[in-house]
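Peer 1: Take this structure, written in structure tokens, and hold onto it; I'll ask about it next.
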2 protein chains.
Amino acid sequence: MSIKVTVIGAGSVVFSLGLVKDLCLTEGLKGSEICFMDINEERLDIIHKLGVRYAEDLGSDLQFQRTLDRAESLQDADFVVNTATITHNEYFARRRRELGTKHGYYYGRTGMPEYHNLQLMLDVAKDMEKICPDAWILQAGNPVFAGTTLMTRETSIKVCGLCHGHYGYRNIAQSIGLDPAKVTWQAPGLNHNIWLTHFYHEGQDAYPVLDEWIKNKSEAYWEERQESGNISAQMSRSAIQQYKMYGLMPVGDTPRRGGWWYHTDLETRIRWYGGPIGGGDTPDGRARVLAGKDKKYQQMKEAAYDPDTRPIDMFGDRKTSEQHVPIIDGLVNDNEGQFQVNIPNNGALPGIPDNVAVEVPAIVNRKGIQPIRVESLPRKVMLECIYPEWLSMERTLEAVKTGDKSILLYGILDSHQTRSYDQAVDVLEALFEIEPNEPMAYIEDIKDHYKWPDIW
Amino acid sequence: MSIKVTVIGAGSVVFSLGLVKDLCLTEGLKGSEICFMDINEERLDIIHKLGVRYAEDLGSDLQFQRTLDRAESLQDADFVVNTATITHNEYFARRRRELGTKHGYYYGRTGMPEYHNLQLMLDVAKDMEKICPDAWILQAGNPVFAGTTLMTRETSIKVCGLCHGHYGYRNIAQSIGLDPAKVTWQAPGLNHNIWLTHFYHEGQDAYPVLDEWIKNKSEAYWEERQESGNISAQMSRSAIQQYKMYGLMPVGDTPRRGGWWYHTDLETRIRWYGGPIGGGDTPDGRARVLAGKDKKYQQMKEAAYDPDTRPIDMFGDRKTSEQHVPIIDGLVNDNEGQFQVNIPNNGALPGIPDNVAVEVPAIVNRKGIQPIRVESLPRKVMLECIYPEWLSMERTLEAVKTGDKSILLYGILDSHQTRSYDQAVDVLEALFEIEPNEPMAYIEDIKDHYKWPDIW
């Protein structure tokens with residue numbers, strides 16, 4: 001069946017090209033239309049050109065549209081893949097981190113609750129209510145947890161948040177000498193906060209293999225890689241320490257977090273995430289990521305305008321491991337599959353309110369996205385990892401909803417790096433005054449949105 | 001009707017004498033028996049002697065027993081008032097705070113979850129299940145919130161936790177020029193975490209009077225008292241700042257807490273709680289409290305053995321404002337009253353699980369202790385004050401229940417004063433090794449109770 005897929009923030013070129021490839025390679029979605037929307041004309045042109053040529057390479061009849069206008073892009077959409085971001089733009093994020101650092105926050109971990117990306121998600125979902133009320137949002141941009149919860153509470157749009165962090169189980173398996181293809185696993189929770197409740201290799205519990213690896217091989221593993229920087233967060237000392245603390249292995253983006261005490265300064269980061277730069281979530285680590293993205297973007301740009309470079313040579317002809325298109329295929333063509341999705345709980349994960357987005361496995365077919373009701377997470381994981389983050393998310397949404405600036409202040413005070421009340425107030429005001437980036441012009445200004453309570 | 005009231009930890013002489021007085025002055029409880037139990041023979045002798053003579057002074061036929069044996073004291077008890085404490089003993093508490101200070105924690109705010117007092121409460125309640133299963137516990141010793149929750153979850157005993165912090169509303173009224181006797185108020189929440197939802201003076205909303213006081217009089221009030229140390233926590237800059245942050249006035253012990261940023265060091269304490277020693281919750285402030293208690297105890301001791309001193313001259317002949325005896329009178333004699341109690345929620349305070357002890361107003365009569373179902377607290381109070389403490393309490397109980405030492409470590413890591421993982425581990429081990437005090441011999445040793453998880 002041919003459908004229309006709109007990509008908001010299509011200038012995320014690598015991601016968008018993945019969608020193009022997966023759509024081209026999905027038999028049941030032949031003749032579909034993909035509409036690229038971005039506010040950046042240059043990026044839009046690149047992805048459009050590359051997309052068209054990639055479809056040619058793959059022998060597909062995928063149709064392409066492009067627009068700078070969000071409302072136009074949503075017209076007749078069946079699926080909206082929202083990958084747009086305002087504050088997670090690497091350049092802005094770096095600028096904001098540097099501001100935080102000036103105020104005494106290593107790597108800018110100020111605790112400032114998210115506003116911009118959430119407001120953007122809400123604006124998109126509200127537009128959809130008017131323009132394409134039956135379409136699905138597949139939410140790719142972060143924060144997926146808060147955003148999925150917000151959109152499903154505040155609008156009638158069907159939302160599914162997606163992430164690829166759960167593939168971290170493969171990394172675990174490989175690292176301890178198991179074949180990921182023979183692993184049966186489950187890792188429910190909240191997005192970026194998921195826990196390996198089931199881990200079998202050829203039907204046998206694989207946790208003892210992990211325990212054995214920790215006991216006998218982990219030290220050598222870390223020492224060998226200490227100087228090369230080749231320790232993934234997934235198999236870092238931090239991840240294993242989290243396993244010891246909480247009783248289950250954290251998966252994907254989860255071990256990148258895990259507690260303030262892993263992230264206070266470079267020395268501490270090196271201790272827990274390995275040398276020489278303390279993993280990806282440090283100034284130098286992130287600079288590498290950014291350099292890689294920059295290089296990739298330049299390659300893309302050249303490829304888009306170079307008649308001699310064919311996309312298929314750069315990006316191959318095998319489906320990505322992203323879930324977006326297979327989920328679309330399941331919903332549209334009843335091509336059933338099991339996926340890891342973020343959807344309102346409604347009982348799927350015991351102990352979490354119904355109107356909170358949880359990350360759980362789901363069966364997707366013509367009937368919809370139907371979560372598998374998983375078992376309760378261990379109480380320790382709930383009390384030390386899940387509930388604190390649920391609370392923090394609720395405060396963030398309450399701030400967005402009420403525009404109460406004091407809730408933002410509470411968020412900063414709640415950051416373990418904050419040392420005093422005055423420091424919190426100062427960095428809050430500084431974050432309000434930071435020079436906006438281009439996408440911020442498209443949503444309500446933070447200074448208009450948030451006010452101190454009357455009594456202040 | 002004559003009943004038997006057992007006082008566990010009766011060596012809290014001032015408190016126990018208050019019970020004696022209230023029992024003597026309660027017509028309906030004539031001929032009742034009061035059984036003092038304590039592990040300290042000297043203190044037990046003092047309260048017993050004073051009690052007997054006080055009853056004579058008041059012309060009462062109250063009967064007295066005394067015992068060092070807990071099981072004996074519980075025999076035939078109708079009410080057990082548990083005021084015993086292990087770690088809140090001022091001398092031990094000081095020693096523990098000093099240990100914390102050595103490890104970098106101002107005023108010893110290490111975040112170490114409570115164990116000893118909770119284990120004691122549980123032991124008492126379990127004894128009662130065997131010996132006097134129909135008796136009530138009136139829980140006076142702290143932590144009332146965690147303890148009431150724990151005992152009601154783990155035993156079948158009827159529990160009512162009591163505190164007098166809610167009388168802080170009187171302080172608020174007086175300070176802003178209102179007559180407390182003409183105030184109608186309500187302040188539900190969790191123990192030591194209650195919020196003034198209703199505040200009327202002669203039927204008129206009194207919050208505007210408070211706002212006016214804050215705007216025009218508070219600065220002068222604080223400045224005048226800055227050097228004298230006569231600023232109560234209830235009317236401190238901290239309390240008012242909490243009102244601004246959370247939208248409702250914190251009552252009683254609540255403003256003594258309110259956020260880590262009020263308590264990081266002496267300078268900060270002075271800023272928020274006034275000079276010259278930063279209020280009662282500082283080393284010097286607490287030394288004053290302790291000196292006062294020491295003096296009082298010496299007076300008691302002398303009075304107990306001095307035939308020329310009559311208790312009535314020292315303690316008067318008017319009922320205290322404590323709720324214990326009036327509640328007993330309500331339950332036993334149907335002498336109905338309204339009280340501020342801590343009991344399992346079961347729907348009284350919306351948004352809190354049923355099996356968590358909430359502090360709410362209740363009607364007490366022959367039918368029992370029946371809470372008034374109050375309105376929801378504002379969402380900001382729930383998200384920033386109530387839920388975080390609920391979570392912390394749940395972790396504390398989970399630690400007690402499982403004996404998992406890593407949950408204690410999490411509690412310390414969760415303290416905002418903790419600066420590193422190693423510091424947390426070090427202070428945890430030091431707290432395990434602290435020289436025990438005498439009452440600790442009566443419960444399971446902390447080192448036997450808690451073990452690291454197997455994987456550690």
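By convention here, the chains of the structure tokens are called A, B, ... in the order presented, each chain's residues are numbered starting at 1, and ligands are numbered starting at 1 in the order presented.
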Against chain B, which residues of chain A fall within 8 Å? For each one I want the closest pair of atoms and the distance in Å (one decimal), counting only C-alpha atoms, rows by chain and increasing residue number, as JSON lines.
Peer 2:
```
{"residue": "A:Asp211", "atom": "CA", "partner": "B:Ile455", "partner_atom": "CA", "distance": 7.5}
{"residue": "A:Lys244", "atom": "CA", "partner": "B:Trp456", "partner_atom": "CA", "distance": 5.7}
{"residue": "A:Met245", "atom": "CA", "partner": "B:Ser406", "partner_atom": "CA", "distance": 6.0}
{"residue": "A:Trp261", "atom": "CA", "partner": "B:Tyr421", "partner_atom": "CA", "distance": 5.7}
{"residue": "A:Tyr262", "atom": "CA", "partner": "B:Tyr421", "partner_atom": "CA", "distance": 8.0}
{"residue": "A:Thr264", "atom": "CA", "partner": "B:Ser420", "partner_atom": "CA", "distance": 7.9}
{"residue": "A:Lys380", "atom": "CA", "partner": "B:Arg395", "partner_atom": "CA", "distance": 7.8}
{"residue": "A:Leu383", "atom": "CA", "partner": "B:Arg395", "partner_atom": "CA", "distance": 6.3}
{"residue": "A:Glu384", "atom": "CA", "partner": "B:Tyr410", "partner_atom": "CA", "distance": 7.6}
{"residue": "A:Tyr387", "atom": "CA", "partner": "B:Leu391", "partner_atom": "CA", "distance": 7.5}
{"residue": "A:Pro388", "atom": "CA", "partner": "B:Pro388", "partner_atom": "CA", "distance": 7.6}
{"residue": "A:Leu391", "atom": "CA", "partner": "B:Leu383", "partner_atom": "CA", "distance": 6.5}
{"residue": "A:Glu394", "atom": "CA", "partner": "B:Leu383", "partner_atom": "CA", "distance": 7.3}
{"residue": "A:Arg395", "atom": "CA", "partner": "B:Leu383", "partner_atom": "CA", "distance": 6.3}
{"residue": "A:Glu398", "atom": "CA", "partner": "B:Lys380", "partner_atom": "CA", "distance": 7.9}
{"residue": "A:Ser406", "atom": "CA", "partner": "B:Met245", "partner_atom": "CA", "distance": 6.1}
{"residue": "A:Ile407", "atom": "CA", "partner": "B:Lys380", "partner_atom": "CA", "distance": 7.8}
{"residue": "A:Tyr410", "atom": "CA", "partner": "B:Glu384", "partner_atom": "CA", "distance": 7.6}
{"residue": "A:Leu413", "atom": "CA", "partner": "B:Trp261", "partner_atom": "CA", "distance": 7.6}
{"residue": "A:His416", "atom": "CA", "partner": "B:His416", "partner_atom": "CA", "distance": 6.1}
{"residue": "A:Arg419", "atom": "CA", "partner": "B:Trp261", "partner_atom": "CA", "distance": 7.6}
{"residue": "A:Ser420", "atom": "CA", "partner": "B:Trp261", "partner_atom": "CA", "distance": 5.7}
{"residue": "A:Tyr421", "atom": "CA", "partner": "B:Trp261", "partner_atom": "CA", "distance": 5.7}
{"residue": "A:Pro453", "atom": "CA", "partner": "B:Lys244", "partner_atom": "CA", "distance": 7.4}
{"residue": "A:Ile455", "atom": "CA", "partner": "B:Lys244", "partner_atom": "CA", "distance": 6.0}
{"residue": "A:Trp456", "atom": "CA", "partner": "B:Lys244", "partner_atom": "CA", "distance": 5.7}
```
Peer 1: With N, CA and C atoms retained, could you export that selection as a PDB file, in the first residue's frame?
Peer 2:
```
ATOM      1  N   ASP A 211      28.366 -12.730  34.696  1.00  0.00           N
ATOM      2  CA  ASP A 211      28.990 -12.688  36.026  1.00  0.00           C
ATOM      3  C   ASP A 211      30.417 -13.236  35.974  1.00  0.00           C
ATOM      4  N   LYS A 244      25.780  -3.930  39.539  1.00  0.00           N
ATOM      5  CA  LYS A 244      25.960  -4.323  40.941  1.00  0.00           C
ATOM      6  C   LYS A 244      25.015  -3.556  41.868  1.00  0.00           C
ATOM      7  N   MET A 245      24.861  -2.269  41.603  1.00  0.00           N
ATOM      8  CA  MET A 245      23.995  -1.435  42.445  1.00  0.00           C
ATOM      9  C   MET A 245      22.531  -1.840  42.315  1.00  0.00           C
ATOM     10  N   TRP A 261      27.321  10.372  40.248  1.00  0.00           N
ATOM     11  CA  TRP A 261      28.691  10.142  40.717  1.00  0.00           C
ATOM     12  C   TRP A 261      29.621   9.607  39.633  1.00  0.00           C
ATOM     13  N   TYR A 262      29.081   9.236  38.484  1.00  0.00           N
ATOM     14  CA  TYR A 262      29.938   8.804  37.373  1.00  0.00           C
ATOM     15  C   TYR A 262      30.394   9.977  36.497  1.00  0.00           C
ATOM     16  N   THR A 264      31.118  13.594  37.493  1.00  0.00           N
ATOM     17  CA  THR A 264      31.389  14.885  38.135  1.00  0.00           C
ATOM     18  C   THR A 264      32.536  15.665  37.505  1.00  0.00           C
ATOM     19  N   LYS A 380      14.188  -2.526  43.500  1.00  0.00           N
ATOM     20  CA  LYS A 380      15.360  -1.655  43.605  1.00  0.00           C
ATOM     21  C   LYS A 380      15.505  -0.792  42.350  1.00  0.00           C
ATOM     22  N   LEU A 383      12.790   1.892  42.529  1.00  0.00           N
ATOM     23  CA  LEU A 383      12.975   2.936  43.546  1.00  0.00           C
ATOM     24  C   LEU A 383      14.199   3.808  43.289  1.00  0.00           C
ATOM     25  N   GLU A 384      15.210   3.226  42.656  1.00  0.00           N
ATOM     26  CA  GLU A 384      16.458   3.976  42.498  1.00  0.00           C
ATOM     27  C   GLU A 384      16.646   4.532  41.094  1.00  0.00           C
ATOM     28  N   TYR A 387      11.472   5.420  39.269  1.00  0.00           N
ATOM     29  CA  TYR A 387      10.627   6.459  39.884  1.00  0.00           C
ATOM     30  C   TYR A 387      11.306   7.825  39.941  1.00  0.00           C
ATOM     31  N   PRO A 388      12.600   7.901  40.308  1.00  0.00           N
ATOM     32  CA  PRO A 388      13.210   9.238  40.317  1.00  0.00           C
ATOM     33  C   PRO A 388      13.124   9.914  38.949  1.00  0.00           C
ATOM     34  N   LEU A 391       9.558  11.074  38.210  1.00  0.00           N
ATOM     35  CA  LEU A 391       9.289  12.321  38.932  1.00  0.00           C
ATOM     36  C   LEU A 391       9.903  13.521  38.226  1.00  0.00           C
ATOM     37  N   GLU A 394       7.916  14.352  35.256  1.00  0.00           N
ATOM     38  CA  GLU A 394       6.642  15.011  35.594  1.00  0.00           C
ATOM     39  C   GLU A 394       6.878  16.489  35.925  1.00  0.00           C
ATOM     40  N   ARG A 395       7.977  16.773  36.609  1.00  0.00           N
ATOM     41  CA  ARG A 395       8.283  18.179  36.912  1.00  0.00           C
ATOM     42  C   ARG A 395       8.549  18.963  35.635  1.00  0.00           C
ATOM     43  N   GLU A 398       5.258  19.570  34.010  1.00  0.00           N
ATOM     44  CA  GLU A 398       4.489  20.547  34.783  1.00  0.00           C
ATOM     45  C   GLU A 398       5.015  21.961  34.491  1.00  0.00           C
ATOM     46  N   SER A 406       9.756  28.736  38.591  1.00  0.00           N
ATOM     47  CA  SER A 406      10.325  28.175  39.819  1.00  0.00           C
ATOM     48  C   SER A 406      10.503  26.660  39.705  1.00  0.00           C
ATOM     49  N   ILE A 407       9.753  26.022  38.822  1.00  0.00           N
ATOM     50  CA  ILE A 407       9.950  24.579  38.633  1.00  0.00           C
ATOM     51  C   ILE A 407      11.267  24.331  37.882  1.00  0.00           C
ATOM     52  N   TYR A 410      13.848  24.577  40.506  1.00  0.00           N
ATOM     53  CA  TYR A 410      13.905  23.332  41.285  1.00  0.00           C
ATOM     54  C   TYR A 410      14.728  22.281  40.533  1.00  0.00           C
ATOM     55  N   LEU A 413      18.305  23.073  41.026  1.00  0.00           N
ATOM     56  CA  LEU A 413      18.692  22.769  42.408  1.00  0.00           C
ATOM     57  C   LEU A 413      18.816  21.253  42.602  1.00  0.00           C
ATOM     58  N   HIS A 416      22.880  17.400  40.998  1.00  0.00           N
ATOM     59  CA  HIS A 416      23.839  17.157  42.072  1.00  0.00           C
ATOM     60  C   HIS A 416      25.068  18.041  41.948  1.00  0.00           C
ATOM     61  N   ARG A 419      25.842  23.713  43.757  1.00  0.00           N
ATOM     62  CA  ARG A 419      26.455  23.836  45.074  1.00  0.00           C
ATOM     63  C   ARG A 419      25.728  24.816  45.991  1.00  0.00           C
ATOM     64  N   SER A 420      24.940  25.716  45.399  1.00  0.00           N
ATOM     65  CA  SER A 420      24.262  26.717  46.224  1.00  0.00           C
ATOM     66  C   SER A 420      23.030  27.241  45.509  1.00  0.00           C
ATOM     67  N   TYR A 421      22.142  27.816  46.283  1.00  0.00           N
ATOM     68  CA  TYR A 421      20.932  28.419  45.741  1.00  0.00           C
ATOM     69  C   TYR A 421      21.276  29.507  44.725  1.00  0.00           C
ATOM     70  N   PRO A 453       6.329  32.742  39.899  1.00  0.00           N
ATOM     71  CA  PRO A 453       5.000  32.836  40.520  1.00  0.00           C
ATOM     72  C   PRO A 453       4.748  34.250  41.042  1.00  0.00           C
ATOM     73  N   ILE A 455       3.819  35.379  43.847  1.00  0.00           N
ATOM     74  CA  ILE A 455       4.320  35.620  45.189  1.00  0.00           C
ATOM     75  C   ILE A 455       5.818  35.932  45.197  1.00  0.00           C
ATOM     76  N   TRP A 456       6.516  35.581  44.107  1.00  0.00           N
ATOM     77  CA  TRP A 456       7.978  35.693  44.064  1.00  0.00           C
ATOM     78  C   TRP A 456       8.428  37.130  44.323  1.00  0.00           C
TER      79      TRP A 456
END
```
Peer 1: Would you list the contacts of Leu150 of chain A as JSON, numbers by chain, taking every protein, DNA or RNA residue within 8 Å and counting only C-alpha atoms, but skipping same-chain residues closer than 5 positions in sequence?
Peer 2: {"A": [118, 122, 397]}
Peer 1: Do a neighbour search on Ile270 of chain A at 12 Å with only C-alpha atoms, toss out local chain neighbours closer than 2 positions, and write the hits as an NGL selection string.
Peer 2: :A and (222-223 or 225-229 or 231 or 233 or 236-238 or 262-268 or 272-282 or 284-285)
Peer 1: Could you check how far atom CA of Ile443 of chain A sits from atom CA of Ile39 of chain A, in Å to one decimal?
Peer 2: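 Separation between atom CA of Ile443 of chain A and atom CA of Ile39 of chain A: 12.4 Å.
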Peer 1: Would you compute the distance between atom CA of Val80 of chain B and atom CA of Gln370 of chain B? Give it in Å to one decimal.
Peer 2: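 A separation of 19.3 Å between them.
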Peer 1: Can you measure atom CA of Pro255 of chain A to atom CA of Ala239 of chain A for me? One decimal in Å is fine.
Peer 2: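 Pair atom CA of Pro255 of chain A / atom CA of Ala239 of chain A returns 4.9 Å.
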Peer 1: Return as a count of residues only the full set of residues in segment 159-330 of chain A whose backbone-based DSSP assignment is alpha helix (DSSP H).
Peer 2: 79
Peer 1: List as a PyMOL selection string the protein and nucleic acid residues near Ala93 of chain A, meaning an atom at most 12 Å away when only C-alpha atoms are counted, but skip any in the same chain fewer than 6 places from it.
Peer 2: chain A and resi 85-87+99-100+107-109+281+283+286-287+290+431+434-437
Peer 1: Residues near Gly165 of chain A, anyone? I mean within 10 Å using only C-alpha atoms, not counting same-chain ones fewer than 4 positions away, as number ranges by chain.
Peer 2: A: 169, 191-194, 234, 251-254, 340
Peer 1: Pull C-alpha atoms from the residues just selected and write them as a compact mmCIF listing (two decimals), in the first residue's frame.
Peer 2:
```txt
# COMPACT_ATOMS: atom_id res chain seq x y z
CA TYR A 169 22.08 -6.14 24.36
CA ASN A 191 13.44 5.45 27.39
CA HIS A 192 17.17 5.69 28.18
CA ASN A 193 16.40 3.83 31.39
CA ILE A 194 15.90 0.20 30.37
CA GLN A 234 27.61 -0.42 27.52
CA VAL A 251 21.07 -1.33 28.37
CA GLY A 252 21.85 1.17 25.62
CA ASP A 253 21.80 4.78 26.71
CA THR A 254 21.05 3.70 30.27
CA GLN A 340 10.83 -1.93 21.23
```
Peer 1: Considering only C-alpha atoms, can you say which of B:Glu212, B:Leu25, B:Gly258, B:Glu438 comes closest to Asp38 of chain B?
Peer 2: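 With only C-alpha atoms as the atom set, the closest residue is B:Glu438.
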Peer 1: Leaving out Leu428 of chain A and any residue of its chain fewer than 4 positions from it, which residues lie within 9 Å of it when counting only C-alpha atoms, given as a PyMOL selection string?
Peer 2: chain A and resi 110+112+408-409+412+423-424+432-433
Peer 1: For Ile327 of chain B, find every residue with an atom within 10 Å (counting only C-alpha atoms), except residues of its own chain fewer than 5 positions away, and show them as a list in words.
Peer 2: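 Once the nearby chain positions are removed, what remains is Leu138, Cys160, Glu322, Val332, Asn333, Asp334, Asn335, Glu336, Gly337, Gln338, Phe339, Val341, Ile363, Val364, Asn365, Gly368 and Ile369 of chain B.
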Peer 1: For those residues, write N, CA and C atoms to a file as an mmCIF file, in the first residue's frame.
Peer 2:
```
data_model
loop_
_atom_site.group_PDB
_atom_site.id
_atom_site.type_symbol
_atom_site.label_atom_id
_atom_site.label_comp_id
_atom_site.auth_asym_id
_atom_site.auth_seq_id
_atom_site.Cartn_x
_atom_site.Cartn_y
_atom_site.Cartn_z
ATOM 1 N N LEU B 138 0.494 4.091 69.775
ATOM 2 C CA LEU B 138 0.591 5.518 69.449
ATOM 3 C C LEU B 138 2.083 5.795 69.320
ATOM 4 N N CYS B 160 -1.074 4.494 65.106
ATOM 5 C CA CYS B 160 -1.327 5.911 64.833
ATOM 6 C C CYS B 160 -0.059 6.674 65.206
ATOM 7 N N GLU B 322 -0.429 17.833 73.849
ATOM 8 C CA GLU B 322 -0.183 16.569 73.138
ATOM 9 C C GLU B 322 -1.523 15.857 72.883
ATOM 10 N N VAL B 332 -11.724 5.246 73.563
ATOM 11 C CA VAL B 332 -12.247 4.429 74.662
ATOM 12 C C VAL B 332 -13.623 4.912 75.111
ATOM 13 N N ASN B 333 -13.749 6.221 75.263
ATOM 14 C CA ASN B 333 -14.965 6.780 75.887
ATOM 15 C C ASN B 333 -15.880 7.502 74.902
ATOM 16 N N ASP B 334 -15.531 7.419 73.615
ATOM 17 C CA ASP B 334 -16.341 8.099 72.595
ATOM 18 C C ASP B 334 -16.373 9.613 72.813
ATOM 19 N N ASN B 335 -15.365 10.116 73.512
ATOM 20 C CA ASN B 335 -15.266 11.562 73.701
ATOM 21 C C ASN B 335 -14.614 12.138 72.446
ATOM 22 N N GLU B 336 -15.458 12.416 71.469
ATOM 23 C CA GLU B 336 -14.978 12.699 70.112
ATOM 24 C C GLU B 336 -14.125 13.960 69.995
ATOM 25 N N GLY B 337 -13.130 13.870 69.163
ATOM 26 C CA GLY B 337 -12.309 15.041 68.873
ATOM 27 C C GLY B 337 -11.718 14.946 67.483
ATOM 28 N N GLN B 338 -11.155 16.047 67.039
ATOM 29 C CA GLN B 338 -10.472 16.069 65.737
ATOM 30 C C GLN B 338 -8.982 16.235 65.983
ATOM 31 N N PHE B 339 -8.193 15.421 65.339
ATOM 32 C CA PHE B 339 -6.757 15.403 65.604
ATOM 33 C C PHE B 339 -5.973 15.349 64.299
ATOM 34 N N VAL B 341 -3.287 13.179 62.633
ATOM 35 C CA VAL B 341 -2.724 11.839 62.851
ATOM 36 C C VAL B 341 -1.941 11.344 61.633
ATOM 37 N N ILE B 363 -11.240 12.352 62.588
ATOM 38 C CA ILE B 363 -12.225 12.331 63.665
ATOM 39 C C ILE B 363 -11.960 11.060 64.472
ATOM 40 N N VAL B 364 -11.800 11.226 65.774
ATOM 41 C CA VAL B 364 -11.549 10.063 66.621
ATOM 42 C C VAL B 364 -12.696 9.915 67.611
ATOM 43 N N ASN B 365 -13.311 8.744 67.597
ATOM 44 C CA ASN B 365 -14.363 8.440 68.567
ATOM 45 C C ASN B 365 -14.419 6.912 68.706
ATOM 46 N N GLY B 368 -13.363 4.629 65.959
ATOM 47 C CA GLY B 368 -11.959 4.491 65.562
ATOM 48 C C GLY B 368 -11.343 5.827 65.184
ATOM 49 N N ILE B 369 -10.239 5.740 64.459
ATOM 50 C CA ILE B 369 -9.561 6.938 63.951
ATOM 51 C C ILE B 369 -9.915 7.041 62.480
#
```
Peer 1: Hey, could you make a per-residue contact list for segment 311-419 of chain B against segment 8-23 of chain B with 9 Å as the cut-off, showing the nearest pair of atoms and its distance in Å to one decimal, counting only C-alpha atoms, sorted by chain and number, as a Markdown table?
Peer 2:
```
| residue | atom | partner | partner_atom | distance |
| --- | --- | --- | --- | --- |
| B:Phe315 | CA | B:Leu17 | CA | 8.4 |
| B:Gly316 | CA | B:Lys21 | CA | 8.8 |
| B:Asp317 | CA | B:Lys21 | CA | 7.3 |
| B:Arg318 | CA | B:Lys21 | CA | 7.8 |
| B:Lys319 | CA | B:Asp22 | CA | 5.3 |
| B:Thr320 | CA | B:Gly18 | CA | 6.3 |
| B:Glu322 | CA | B:Gly18 | CA | 7.9 |
| B:His324 | CA | B:Leu19 | CA | 7.5 |
| B:Val325 | CA | B:Asp22 | CA | 6.1 |
| B:Pro326 | CA | B:Asp22 | CA | 8.0 |
```
Peer 1: Choose the residue, out of A:Thr6, A:Asn89, A:Thr101, A:Ser321, that has the smallest atom-to-atom separation from Thr67 of chain A; count only C-alpha atoms.
Peer 2: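 Comparing A:Thr6, A:Asn89, A:Thr101, A:Ser321 against Thr67 of chain A, the winner is A:Thr6.
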Peer 1: Smallest atom-to-atom distance to Ala303 of chain B: which of B:Gly147, B:Ile47, B:Thr83, B:Val5, using only C-alpha atoms?
Peer 2: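 Nearest candidate to Ala303 of chain B out of B:Gly147, B:Ile47, B:Thr83, B:Val5: B:Ile47.
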Peer 1: From the DSSP assignment of the backbone, select every residue of segment 119-222 of chain A that is strand (DSSP E or B), and format the answer as a list in words.
Peer 2: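 Selection result, strand (DSSP E or B) within segment 119-222 of chain A: Trp136, Ile137, Leu138, Gln139, Lys158, Val159, Cys160, Gly161, Val183, Thr184, Trp185, Gln186, Gly189, Leu190, Asn193, Ile194, Trp195, Leu196, His198, Phe199, Tyr200, His201, Gln204 and Asp205 of chain A.
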Peer 1: Can you write out the residues you just picked, keeping C-alpha atoms, as a CSV table (one decimal), in the first residue's frame?
Peer 2:
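Listed below is the output, result_23.csv:
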```
chain,number,residue,atom,x,y,z
A,136,TRP,CA,0.9,8.5,13.6
A,137,ILE,CA,3.8,10.3,15.0
A,138,LEU,CA,6.9,8.2,15.1
A,139,GLN,CA,9.0,10.3,17.5
A,158,LYS,CA,-1.2,8.4,18.1
A,159,VAL,CA,2.4,8.6,19.2
A,160,CYS,CA,5.1,6.0,19.2
A,161,GLY,CA,8.5,7.0,20.5
A,183,VAL,CA,20.2,-14.3,22.3
A,184,THR,CA,16.6,-14.0,23.6
A,185,TRP,CA,16.3,-10.8,25.6
A,186,GLN,CA,14.0,-8.3,27.2
A,189,GLY,CA,11.7,0.5,31.4
A,190,LEU,CA,11.6,4.1,30.4
A,193,ASN,CA,16.4,3.8,31.4
A,194,ILE,CA,15.9,0.2,30.4
A,195,TRP,CA,17.0,-2.9,32.2
A,196,LEU,CA,17.9,-6.4,31.0
A,198,HIS,CA,15.7,-11.5,30.4
A,199,PHE,CA,19.0,-12.6,28.8
A,200,TYR,CA,19.2,-16.1,27.4
A,201,HIS,CA,21.7,-17.6,25.0
A,204,GLN,CA,20.2,-20.8,28.8
A,205,ASP,CA,20.3,-17.9,31.3
```
